[in-house]
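Down below is the structure, laid out as structure tokens.
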Amino acid sequence: MISIERKDKIDVVSFSVDKLNANTIDRIKEEMGNLFDKSNAKVIIDLKGIEYIDSSGFALFLTLHKSAKNNYGILKFVNPEPRVTEIFRTLHLHTVFEIYNDLDTCIKSFR
């Protein structure tokens with residue numbers, strides 16, 4: 001359900017589904033569970049193609065954010081679809097997460 005590509009020592013996670021919800025989140029959580037096992041990990045979650053995220057998806061993002069902070073890692077997001085951007089704003093999570101509109105800008109922000 002996810003694929004991880006390495007770019008400039010940054011793991012870029014993308015999804016093969018269009019919804020992050022209770023039906024998909026357990027498997028995604030298993031696949032993403034160890035992203036921040038090593039300290040100083042840098043991860044970008046690419047939201048391109050994700051049309052909907054429910055509370056379980058946002059709970060996963062908050063858990064990953066906490067894991068990153070606890071292990072001196074960095075988590076950022078890129079390419080949110082308009083509807084997903086609206087949900088981030090409604091929940092005020094755009095103030096918690098760094099969210100970028102394109103991958104190159106997001107990668108450059110790590111420097």
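Please note that chains go A, B, ... in the order of the structure tokens, that every chain numbers its residues from 1, and that ligands are numbered from 1 in the order shown.
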Would you list the contacts of region 56-62 of chain A as a ChimeraX atom specification, taking every protein, DNA or RNA residue within 8 Å and counting only C-alpha atoms, but skipping same-chain residues closer than 5 positions in sequence?
-> /A:20-22,25,29
Can you spit out the residues from that selection as a CSV table (one decimal), in the first residue's frame, using N, CA and C atoms?
```csv
chain,number,residue,atom,x,y,z
A,20,LEU,N,-7.1,7.3,3.1
A,20,LEU,CA,-6.4,6.8,4.3
A,20,LEU,C,-7.5,6.8,5.4
A,21,ASN,N,-8.1,5.6,5.6
A,21,ASN,CA,-9.2,5.5,6.6
A,21,ASN,C,-9.1,4.2,7.4
A,22,ALA,N,-10.1,3.9,8.1
A,22,ALA,CA,-10.1,2.8,9.0
A,22,ALA,C,-9.9,1.5,8.2
A,25,ILE,N,-5.8,1.9,7.1
A,25,ILE,CA,-4.8,2.4,8.0
A,25,ILE,C,-4.0,1.4,8.7
A,29,LYS,N,-0.1,1.5,8.6
A,29,LYS,CA,0.7,1.7,9.9
A,29,LYS,C,1.8,0.6,10.0
```
Query - alpha helix (DSSP H) residues, from DSSP on the backbone, in chain A, as number ranges by chain - result: A: 25-32, 55-70, 82-90, 103-108
Store the residues of this selection in a file with N, CA and C atoms, as an mmCIF file, in the first residue's frame.
```cif
data_model
loop_
_atom_site.group_PDB
_atom_site.id
_atom_site.type_symbol
_atom_site.label_atom_id
_atom_site.label_comp_id
_atom_site.auth_asym_id
_atom_site.auth_seq_id
_atom_site.Cartn_x
_atom_site.Cartn_y
_atom_site.Cartn_z
ATOM 1 N N ILE A 25 -5.817 1.867 7.122
ATOM 2 C CA ILE A 25 -4.784 2.421 7.994
ATOM 3 C C ILE A 25 -3.964 1.374 8.734
ATOM 4 N N ASP A 26 -4.552 0.250 9.123
ATOM 5 C CA ASP A 26 -3.784 -0.755 9.869
ATOM 6 C C ASP A 26 -2.622 -1.292 9.042
ATOM 7 N N ARG A 27 -2.884 -1.583 7.788
ATOM 8 C CA ARG A 27 -1.806 -2.102 6.925
ATOM 9 C C ARG A 27 -0.759 -1.020 6.664
ATOM 10 N N ILE A 28 -1.206 0.183 6.442
ATOM 11 C CA ILE A 28 -0.280 1.295 6.213
ATOM 12 C C ILE A 28 0.570 1.526 7.455
ATOM 13 N N LYS A 29 -0.054 1.466 8.612
ATOM 14 C CA LYS A 29 0.663 1.652 9.879
ATOM 15 C C LYS A 29 1.768 0.613 10.034
ATOM 16 N N GLU A 30 1.487 -0.632 9.690
ATOM 17 C CA GLU A 30 2.496 -1.695 9.758
ATOM 18 C C GLU A 30 3.674 -1.379 8.845
ATOM 19 N N GLU A 31 3.375 -0.929 7.642
ATOM 20 C CA GLU A 31 4.424 -0.660 6.661
ATOM 21 C C GLU A 31 5.244 0.584 7.013
ATOM 22 N N MET A 32 4.650 1.522 7.739
ATOM 23 C CA MET A 32 5.343 2.764 8.071
ATOM 24 C C MET A 32 5.904 2.771 9.480
ATOM 25 N N SER A 55 -10.076 10.301 10.678
ATOM 26 C CA SER A 55 -9.388 10.525 11.952
ATOM 27 C C SER A 55 -8.282 9.506 12.199
ATOM 28 N N SER A 56 -8.441 8.268 11.730
ATOM 29 C CA SER A 56 -7.386 7.266 11.939
ATOM 30 C C SER A 56 -6.137 7.611 11.127
ATOM 31 N N GLY A 57 -6.316 8.203 9.970
ATOM 32 C CA GLY A 57 -5.170 8.644 9.171
ATOM 33 C C GLY A 57 -4.433 9.785 9.832
ATOM 34 N N PHE A 58 -5.179 10.757 10.328
ATOM 35 C CA PHE A 58 -4.533 11.881 11.023
ATOM 36 C C PHE A 58 -3.897 11.428 12.334
ATOM 37 N N ALA A 59 -4.501 10.455 12.992
ATOM 38 C CA ALA A 59 -3.890 9.899 14.211
ATOM 39 C C ALA A 59 -2.544 9.269 13.879
ATOM 40 N N LEU A 60 -2.462 8.562 12.758
ATOM 41 C CA LEU A 60 -1.188 7.985 12.327
ATOM 42 C C LEU A 60 -0.160 9.089 12.087
ATOM 43 N N PHE A 61 -0.552 10.156 11.399
ATOM 44 C CA PHE A 61 0.370 11.259 11.130
ATOM 45 C C PHE A 61 0.882 11.883 12.425
ATOM 46 N N LEU A 62 0.000 12.056 13.394
ATOM 47 C CA LEU A 62 0.418 12.628 14.684
ATOM 48 C C LEU A 62 1.346 11.680 15.433
ATOM 49 N N THR A 63 1.085 10.376 15.350
ATOM 50 C CA THR A 63 1.970 9.386 15.974
ATOM 51 C C THR A 63 3.344 9.407 15.314
ATOM 52 N N LEU A 64 3.375 9.470 13.988
ATOM 53 C CA LEU A 64 4.655 9.545 13.272
ATOM 54 C C LEU A 64 5.397 10.831 13.619
ATOM 55 N N HIS A 65 4.663 11.924 13.735
ATOM 56 C CA HIS A 65 5.266 13.211 14.101
ATOM 57 C C HIS A 65 5.927 13.126 15.476
ATOM 58 N N LYS A 66 5.234 12.502 16.412
ATOM 59 C CA LYS A 66 5.786 12.333 17.767
ATOM 60 C C LYS A 66 7.015 11.421 17.737
ATOM 61 N N SER A 67 6.949 10.333 16.972
ATOM 62 C CA SER A 67 8.100 9.428 16.846
ATOM 63 C C SER A 67 9.296 10.152 16.255
ATOM 64 N N ALA A 68 9.034 10.978 15.252
ATOM 65 C CA ALA A 68 10.118 11.749 14.633
ATOM 66 C C ALA A 68 10.759 12.675 15.660
ATOM 67 N N LYS A 69 9.940 13.434 16.364
ATOM 68 C CA LYS A 69 10.469 14.373 17.367
ATOM 69 C C LYS A 69 11.246 13.648 18.468
ATOM 70 N N ASN A 70 10.739 12.504 18.912
ATOM 71 C CA ASN A 70 11.401 11.754 19.980
ATOM 72 C C ASN A 70 12.736 11.163 19.554
ATOM 73 N N PRO A 82 -6.627 19.323 -2.919
ATOM 74 C CA PRO A 82 -7.379 20.442 -2.335
ATOM 75 C C PRO A 82 -8.284 20.043 -1.162
ATOM 76 N N ARG A 83 -8.978 18.934 -1.296
ATOM 77 C CA ARG A 83 -9.880 18.511 -0.216
ATOM 78 C C ARG A 83 -9.092 18.155 1.050
ATOM 79 N N VAL A 84 -7.947 17.521 0.883
ATOM 80 C CA VAL A 84 -7.108 17.151 2.028
ATOM 81 C C VAL A 84 -6.506 18.405 2.665
ATOM 82 N N THR A 85 -6.100 19.363 1.855
ATOM 83 C CA THR A 85 -5.598 20.631 2.382
ATOM 84 C C THR A 85 -6.660 21.300 3.241
ATOM 85 N N GLU A 86 -7.890 21.262 2.780
ATOM 86 C CA GLU A 86 -8.999 21.846 3.534
ATOM 87 C C GLU A 86 -9.166 21.154 4.892
ATOM 88 N N ILE A 87 -9.018 19.832 4.916
ATOM 89 C CA ILE A 87 -9.143 19.100 6.188
ATOM 90 C C ILE A 87 -7.994 19.464 7.130
ATOM 91 N N PHE A 88 -6.760 19.535 6.606
ATOM 92 C CA PHE A 88 -5.618 19.957 7.426
ATOM 93 C C PHE A 88 -5.909 21.323 8.058
ATOM 94 N N ARG A 89 -6.444 22.248 7.276
ATOM 95 C CA ARG A 89 -6.730 23.597 7.772
ATOM 96 C C ARG A 89 -7.872 23.585 8.792
ATOM 97 N N THR A 90 -8.912 22.834 8.508
ATOM 98 C CA THR A 90 -10.044 22.757 9.435
ATOM 99 C C THR A 90 -9.600 22.249 10.798
ATOM 100 N N LEU A 103 7.515 18.557 -4.519
ATOM 101 C CA LEU A 103 8.556 17.725 -3.909
ATOM 102 C C LEU A 103 9.917 18.408 -3.886
ATOM 103 N N ASP A 104 10.293 19.087 -4.955
ATOM 104 C CA ASP A 104 11.605 19.736 -4.989
ATOM 105 C C ASP A 104 11.752 20.769 -3.879
ATOM 106 N N THR A 105 10.734 21.579 -3.689
ATOM 107 C CA THR A 105 10.772 22.602 -2.626
ATOM 108 C C THR A 105 10.845 21.923 -1.258
ATOM 109 N N CYS A 106 10.107 20.848 -1.097
ATOM 110 C CA CYS A 106 10.116 20.133 0.180
ATOM 111 C C CYS A 106 11.511 19.557 0.469
ATOM 112 N N ILE A 107 12.109 18.938 -0.529
ATOM 113 C CA ILE A 107 13.458 18.371 -0.350
ATOM 114 C C ILE A 107 14.455 19.483 -0.020
ATOM 115 N N LYS A 108 14.372 20.604 -0.716
ATOM 116 C CA LYS A 108 15.299 21.730 -0.466
ATOM 117 C C LYS A 108 15.141 22.279 0.947
#
```
Nearest to Gly73 (chain A) by atom-to-atom distance, counting only C-alpha atoms, from A:Tyr100, A:Ile44, A:Thr95, A:Phe36: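 Of the candidates, the smallest distance to Gly73 (chain A) is held by A:Phe36.
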Point to revise | Residue neighbourhood Ile50 (chain A), 10 Å, only C-alpha atoms, exclusion window fewer than 4 positions, as an MDAnalysis selection string | key: chainID A and resid 14:20 46 79:84
task = Going by DSSP on the backbone, which bits of chain A are strand (DSSP E)? Write them as a count of residues only, please.
result = 29
### Task
Return the single residue from A:Ile74, A:Ile53, A:Leu47, A:Ile99 that is closest to Arg111 (chain A), with distances computed using only C-alpha atoms.
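Closest to Arg111 (chain A), using only C-alpha atoms: A:Ile74.
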Using only C-alpha atoms, find the one residue out of A:Asp11, A:Asp54, A:Asp37, A:Glu98 that sits nearest to Lys76 (chain A).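 Looking only at the distances to Lys76 (chain A), the closest residue turns out to be A:Glu98.
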